[in-house]
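Working notes for the structure below.
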Amino acid sequence: MDGIKNAASTRQIYKEMGISKEVYDYGEKVWNSLKDRWDEIDALSEYNQLKVIGAMQKNKVSEACLLGTTGYGYNDLGRDTLERVYADIFHTEDALVRPQITCGTHALALALMSNLRPGDELLSPVGKPYDTLEEVIGIRPSKGSLKEYGISYRQVDLLPGGGFDFNAIKGAINEKTKLVTIQRSKGYQTRPTLSVERIGELISFIKGIRPEIICMVDNCYGEFTETLEPSDVGADLIAGSLIKNPGGGLAPIGGYLAGKKECIENAAFRLTSPGLGKEVGASLQVLGAFYQGLFLAPSVTANALKAAIFAANIYESLGFRVVPDGRESRHDIIQAVTFGNPDGVIAFCQGIQQAASVDGHVTPEPWDMPGYDSPVIMAAGAFVSGSSIELSADGPLRPPYSVFFQGGLTWQHGKFGIMKTLQKLVEKNIIMKEFG
């Protein structure tokens with residue numbers, strides 16, 4: 001009897017939160033079909049949780065590590081220990097984990113600008129990079145771009161099915177090729193996310209042509225979605241944002257780089273100053289959040305994966321194109337849904353915003369965001385502004401009009417968010433269906 005009462009009360013609170021009986025019942029039907037996959041995700045989370053705890057114990061994380069420093073930040077115990085923890089988790093020689101790295105784009109720009117020199121060439125063998133990197137590289141003119149410093153760029157697109165064009169990649173590599181950048185996640189494209197295994201195959205191919213080429217992986221959105229990371233399969237350098245997966249929803253700012261010692265030293269000297277490098281950079285009062293967020297990251301990432309799988313199965317069952325599909329293995333937390341019209345993208349984002357605990361009363365609208373070449377709509381009612389490990393969705397207002405959903409600190413919040421998007425699309429007559 002208690003189970004029946006609990007189900008009834010849950011249905012009632014969904015109703016009070018604006019979810020119709022038809023949408024609720026449809027969501028429950030989809031969720032009930034997915035519970036076996038939840039066991040797989042929980043096993044992944046358990047493995048990665050133990051990996052994080054092991055790295056913290058190995059490096060003797062103590063209460064003193066949670067305290068911050070000011071000024072120059074010399075001899076910052078917590079900062080230096082945290083970087084050793086990251087290096088151990090990612091199995092790299094060194095790491096740079098700092099609040100002075102402001103976002104994922106900054107982390108990637110830092111990695112590129114510190115390890116490339118005038119006359120070098122950057123190669124992307126996986127097609128177009130994420131929009132904000134276009135100005136970093138100089139694809140779109142911008143002050144301070146790599147192009148302004150005499151660094152050239154080549155790109156090899158993926159094959160129509162998402163495979164690597166190995167012949168074209170081999171032809172693009174030349175004596176100037178210094179660094180290859182591999183974007184793990186899809187960005188604002190509807191191509192498959194690259195698994196760690198596939199990234200390893202690509203790196204092995206490139207190293208077979210010229211072993212000295214630096215292979216860098218944009219690891220944003222991918223951390224802890226598999227048991228291995230790109231640095232386990234040959235990546236010389238990986239980079240990401242702490243307000244995505246590894247910050248666990250608690251890090252208020254920051255980014256990380258992990259990789260070979262020389263690459264990290266180059267980045268440290270670029271971040272601070274030649275001659276100073278990693279020795280300076282006060283951690284202020286963020287170390288507690290950095291450590292605890294990292295501790296929570298495997299579990300939080302697992303919740304985001306569950307929400308993404310739920311979204312995929314909901315919208316695929318309604319006839320929309322989704323990437324990945326509802327049955328595929330997952331290699332990042334992003335779920336793309338293609339609506340084919342801007343109204344669908346806008347309604348989806350507005351539904352996500354209505355599910356937020358913070359700014360749930362706000363209605364997002366498309367606008368010309370810095371770093372993007374078309375209007376973008378973003379739904380992000382987050383405790384940390386712009387945090388995309390929290391429940392969020394965004395998309396550019398351009399064909400094929402796809403929305404990119406990610407995050408959810410808890411599975412329950414992710415589930416509610418997707419129910420809200422479905423409700424919004426029904427209310428706007430974008431989805432017209434008898435739910436059963």
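Naming works like this for the structure tokens: A, B, ... for the chains as they're shown, residue 1 at the start of each chain, ligands 1 onward in shown order.
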**Request:** Using only C-alpha atoms, determine which residues lie at most 9 Å from A:Ser402, disregarding the query and same-chain residues fewer than 4 positions distant; provide the list as an NGL selection string.
**Result:** :A and (188-190 or 336-342 or 344-345 or 394-398)
**Item:** Residues flagged helix (DSSP H, G or I) by DSSP in stretch 198-412 of chain A, as a ChimeraX atom specification
**Value:** /A:198-209,230-233,245-247,261-271,277-279,287-317,342-354,411-412
**Asked** Which one of A:Gly208, A:Pro141, A:Gly187, A:Gly27 sits closest to A:Tyr14 if you count only C-alpha atoms?
**Response**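 Result for the nearest residue to A:Tyr14: A:Gly27.
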**Request:** Determine which residues of stretch 70-187 of chain A receive a DSSP assignment of strand (DSSP E or B), computed from the backbone, and state them as a list in words.
**Result:**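 Here is the list: Asp94, Ala95, Leu96, Val97, Arg98, Glu121, Leu122, Leu123, Ser124, Ser152, Tyr153, Arg154, Gln155, Thr177, Lys178, Leu179, Val180, Thr181, Ile182 and Gln183 of chain A.
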Since we have the selection now, will you write its residues out, keeping C-alpha atoms, as a PDB file, in the first residue's frame?
```
ATOM      1  CA  ASP A  94      51.562  16.694 -14.542  1.00  0.00           C
ATOM      2  CA  ALA A  95      48.445  18.855 -14.356  1.00  0.00           C
ATOM      3  CA  LEU A  96      47.446  22.507 -14.096  1.00  0.00           C
ATOM      4  CA  VAL A  97      44.177  23.126 -12.184  1.00  0.00           C
ATOM      5  CA  ARG A  98      43.464  26.778 -11.506  1.00  0.00           C
ATOM      6  CA  GLU A 121      50.555  24.505 -38.000  1.00  0.00           C
ATOM      7  CA  LEU A 122      47.539  23.263 -36.080  1.00  0.00           C
ATOM      8  CA  LEU A 123      45.506  20.390 -37.524  1.00  0.00           C
ATOM      9  CA  SER A 124      41.965  19.325 -36.642  1.00  0.00           C
ATOM     10  CA  SER A 152      48.386  28.275 -39.606  1.00  0.00           C
ATOM     11  CA  TYR A 153      45.456  25.875 -39.459  1.00  0.00           C
ATOM     12  CA  ARG A 154      44.255  22.893 -41.429  1.00  0.00           C
ATOM     13  CA  GLN A 155      41.098  20.861 -41.057  1.00  0.00           C
ATOM     14  CA  THR A 177      52.290  20.242 -38.228  1.00  0.00           C
ATOM     15  CA  LYS A 178      53.106  20.728 -34.544  1.00  0.00           C
ATOM     16  CA  LEU A 179      49.857  19.961 -32.751  1.00  0.00           C
ATOM     17  CA  VAL A 180      46.695  18.011 -33.538  1.00  0.00           C
ATOM     18  CA  THR A 181      43.514  19.001 -31.703  1.00  0.00           C
ATOM     19  CA  ILE A 182      40.829  16.362 -31.236  1.00  0.00           C
ATOM     20  CA  GLN A 183      37.413  17.451 -30.002  1.00  0.00           C
TER      21      GLN A 183
END
```
**Shell around A:Phe405 at 10 Å using only C-alpha atoms, local window under 6 positions removed, as a PyMOL selection string** = chain A and resi 304+307-308+311-312+333-337+348-349+352+378-379+388+391-395+414+417-418
Can you spit out the residues from that selection as a compact mmCIF listing (two decimals), in the first residue's frame, using N, CA and C atoms?
```txt
# COMPACT_ATOMS: atom_id res chain seq x y z
N ALA A 304 23.86 12.84 -14.93
CA ALA A 304 23.70 13.54 -16.21
C ALA A 304 23.57 12.54 -17.36
N ALA A 307 20.01 11.29 -17.42
CA ALA A 307 19.11 12.28 -17.99
C ALA A 307 19.23 12.33 -19.51
N ALA A 308 20.46 12.21 -20.02
CA ALA A 308 20.67 12.25 -21.47
C ALA A 308 20.03 11.04 -22.15
N ALA A 311 16.31 11.53 -22.20
CA ALA A 311 15.93 12.48 -23.25
C ALA A 311 15.97 11.84 -24.63
N ALA A 312 17.01 11.07 -24.89
CA ALA A 312 17.16 10.42 -26.19
C ALA A 312 15.98 9.51 -26.47
N ILE A 333 28.18 13.75 -21.96
CA ILE A 333 26.87 13.95 -21.33
C ILE A 333 25.89 14.69 -22.23
N ILE A 334 26.29 15.02 -23.46
CA ILE A 334 25.45 15.86 -24.32
C ILE A 334 24.48 15.01 -25.14
N GLN A 335 23.23 15.47 -25.20
CA GLN A 335 22.22 14.85 -26.04
C GLN A 335 21.71 15.87 -27.04
N ALA A 336 21.86 15.56 -28.32
CA ALA A 336 21.36 16.45 -29.38
C ALA A 336 20.00 15.95 -29.86
N VAL A 337 19.07 16.89 -30.03
CA VAL A 337 17.75 16.60 -30.59
C VAL A 337 17.52 17.59 -31.72
N PHE A 348 12.04 23.92 -26.26
CA PHE A 348 12.81 22.97 -25.44
C PHE A 348 13.60 23.72 -24.37
N CYS A 349 14.32 24.76 -24.77
CA CYS A 349 15.13 25.52 -23.81
C CYS A 349 14.25 26.20 -22.76
N ILE A 352 13.34 23.61 -20.16
CA ILE A 352 14.45 23.37 -19.24
C ILE A 352 14.55 24.49 -18.21
N MET A 378 20.14 29.92 -24.62
CA MET A 378 20.69 29.11 -23.54
C MET A 378 19.73 29.09 -22.37
N ALA A 379 19.45 27.89 -21.88
CA ALA A 379 18.68 27.72 -20.66
C ALA A 379 19.64 27.23 -19.59
N SER A 388 27.38 23.89 -17.03
CA SER A 388 26.67 22.95 -17.89
C SER A 388 26.76 21.51 -17.42
N LEU A 391 21.58 21.17 -14.87
CA LEU A 391 20.55 21.04 -15.90
C LEU A 391 20.58 22.24 -16.82
N SER A 392 20.82 22.01 -18.11
CA SER A 392 20.97 23.11 -19.04
C SER A 392 20.73 22.63 -20.46
N ALA A 393 20.48 23.57 -21.33
CA ALA A 393 20.30 23.27 -22.75
C ALA A 393 20.58 24.52 -23.55
N ASP A 394 21.07 24.35 -24.75
CA ASP A 394 21.37 25.50 -25.60
C ASP A 394 21.43 25.05 -27.04
N GLY A 395 21.46 26.02 -27.92
CA GLY A 395 21.57 25.70 -29.34
C GLY A 395 21.60 26.95 -30.18
N GLY A 414 17.06 15.91 -13.65
CA GLY A 414 17.16 15.70 -15.09
C GLY A 414 15.86 15.16 -15.67
N GLY A 417 13.29 17.91 -15.78
CA GLY A 417 13.60 18.86 -16.84
C GLY A 417 13.13 18.38 -18.20
N ILE A 418 13.36 17.10 -18.51
CA ILE A 418 12.93 16.57 -19.80
C ILE A 418 11.41 16.51 -19.87
```
**Prompt:** Which value, in Å to one decimal, gives the distance between atom CA of A:Ser114 and atom CA of A:Ile209?
**Reply:**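 Spanning atom CA of A:Ser114 to atom CA of A:Ile209 is a straight-line distance of 23.4 Å.
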Would you mind listing, for every residue of stretch 340-436 of chain A within 12 Å of stretch 211-231 of chain A, the two atoms forming the shortest contact and the distance between them in Å to one decimal, using only C-alpha atoms, sorted by chain and ascending residue number, as a tab-separated table?
```
residue	atom	partner	partner_atom	distance
A:Ser387	CA	A:Tyr221	CA	11.3
A:Ser388	CA	A:Tyr221	CA	8.5
A:Ile389	CA	A:Tyr221	CA	8.0
A:Glu390	CA	A:Tyr221	CA	11.6
A:Phe404	CA	A:Tyr221	CA	11.9
A:Phe405	CA	A:Tyr221	CA	11.4
A:Gln406	CA	A:Tyr221	CA	8.6
A:Gly407	CA	A:Tyr221	CA	9.2
```
**Message:** Would you pick out the contacts of A:Met56 at 9 Å or less, using only C-alpha atoms, so that residues sharing its chain but fewer than 5 positions from it are not included, and give the list as an NGL selection string?
**Reply:** :A and (51 or 61 or 81-82 or 84-85 or 88 or 291 or 295)
Go ahead and save the residues from that selection, with N, CA and C atoms, as a tab-separated table (two decimals), in the first residue's frame.
```tsv
chain	number	residue	atom	x	y	z
A	51	LYS	N	38.35	5.45	-8.23
A	51	LYS	CA	39.55	6.02	-8.85
A	51	LYS	C	39.88	7.38	-8.24
A	61	VAL	N	45.56	13.89	0.75
A	61	VAL	CA	44.72	15.09	0.88
A	61	VAL	C	44.32	15.22	2.35
A	81	THR	N	48.71	19.97	-4.30
A	81	THR	CA	48.23	18.60	-4.07
A	81	THR	C	47.11	18.27	-5.04
A	82	LEU	N	46.20	19.20	-5.26
A	82	LEU	CA	45.09	18.96	-6.19
A	82	LEU	C	45.60	18.66	-7.59
A	84	ARG	N	48.39	17.22	-8.32
A	84	ARG	CA	48.91	15.85	-8.32
A	84	ARG	C	47.76	14.84	-8.36
A	85	VAL	N	46.66	15.18	-7.69
A	85	VAL	CA	45.47	14.32	-7.72
A	85	VAL	C	44.94	14.20	-9.15
A	88	ASP	N	47.14	12.03	-11.28
A	88	ASP	CA	46.97	10.61	-11.00
A	88	ASP	C	45.65	10.07	-11.57
A	291	TYR	N	37.91	20.32	-4.42
A	291	TYR	CA	38.11	18.95	-3.94
A	291	TYR	C	36.78	18.20	-3.81
A	295	PHE	N	35.33	15.00	-5.91
A	295	PHE	CA	34.86	13.80	-5.22
A	295	PHE	C	33.46	13.39	-5.70
```
**Item:** Nearest residue to A:Gly71 from the set A:Ser283, A:Gln49, A:Thr301, A:Thr410 (distances using only C-alpha atoms)
**Value:**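 Selected residue with least distance to A:Gly71: A:Ser283.
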**Asked** Quick one: distance from atom CA of A:Ala382 to atom CA of A:Phe290 in Å, one decimal?
**Response** 17.2 Å
**Asked** atom CA of A:Asn303 to atom CA of A:Asn48: how many Å, to one decimal?
**Response**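 Those two atoms sit 13.4 Å apart.
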**Message:** Ranking A:Met369, A:Val323, A:Leu409, A:Val426 by minimum distance to A:Ser357 and counting only C-alpha atoms, which one comes first?
**Reply:** A:Leu409
**Asked** Nearest to A:Leu67 among A:Leu159, A:Cys263, A:Val286, A:Ala297, with distances taken over only C-alpha atoms: which residue is it?
**Response**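 Ranked by minimum distance to A:Leu67, first place goes to A:Val286.
When only C-alpha atoms are used to measure the gap to A:Ser62, the shortest distance among A:Gly293, A:Tyr47, A:Pro366, A:Gly78 belongs to A:Gly78.
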**Request:** Go through A:Gln57, A:Ser185, A:Asn174, A:Ser45 one by one, measure the shortest atom-to-atom distance of each to A:Ile199 using only C-alpha atoms, and give the residue with the smallest value.
**Result:** A:Ser185
**Prompt:** Can you tell me, as an MDAnalysis selection string, what residues are no more than 9 Å from stretch 252-257 of chain A when counting only C-alpha atoms, ignoring any on the same chain fewer than 3 positions away?
**Reply:** chainID A and resid 83 86 94:104 106:108 110:111 237:243 247 249 264 267 286 289:290 383:385 387
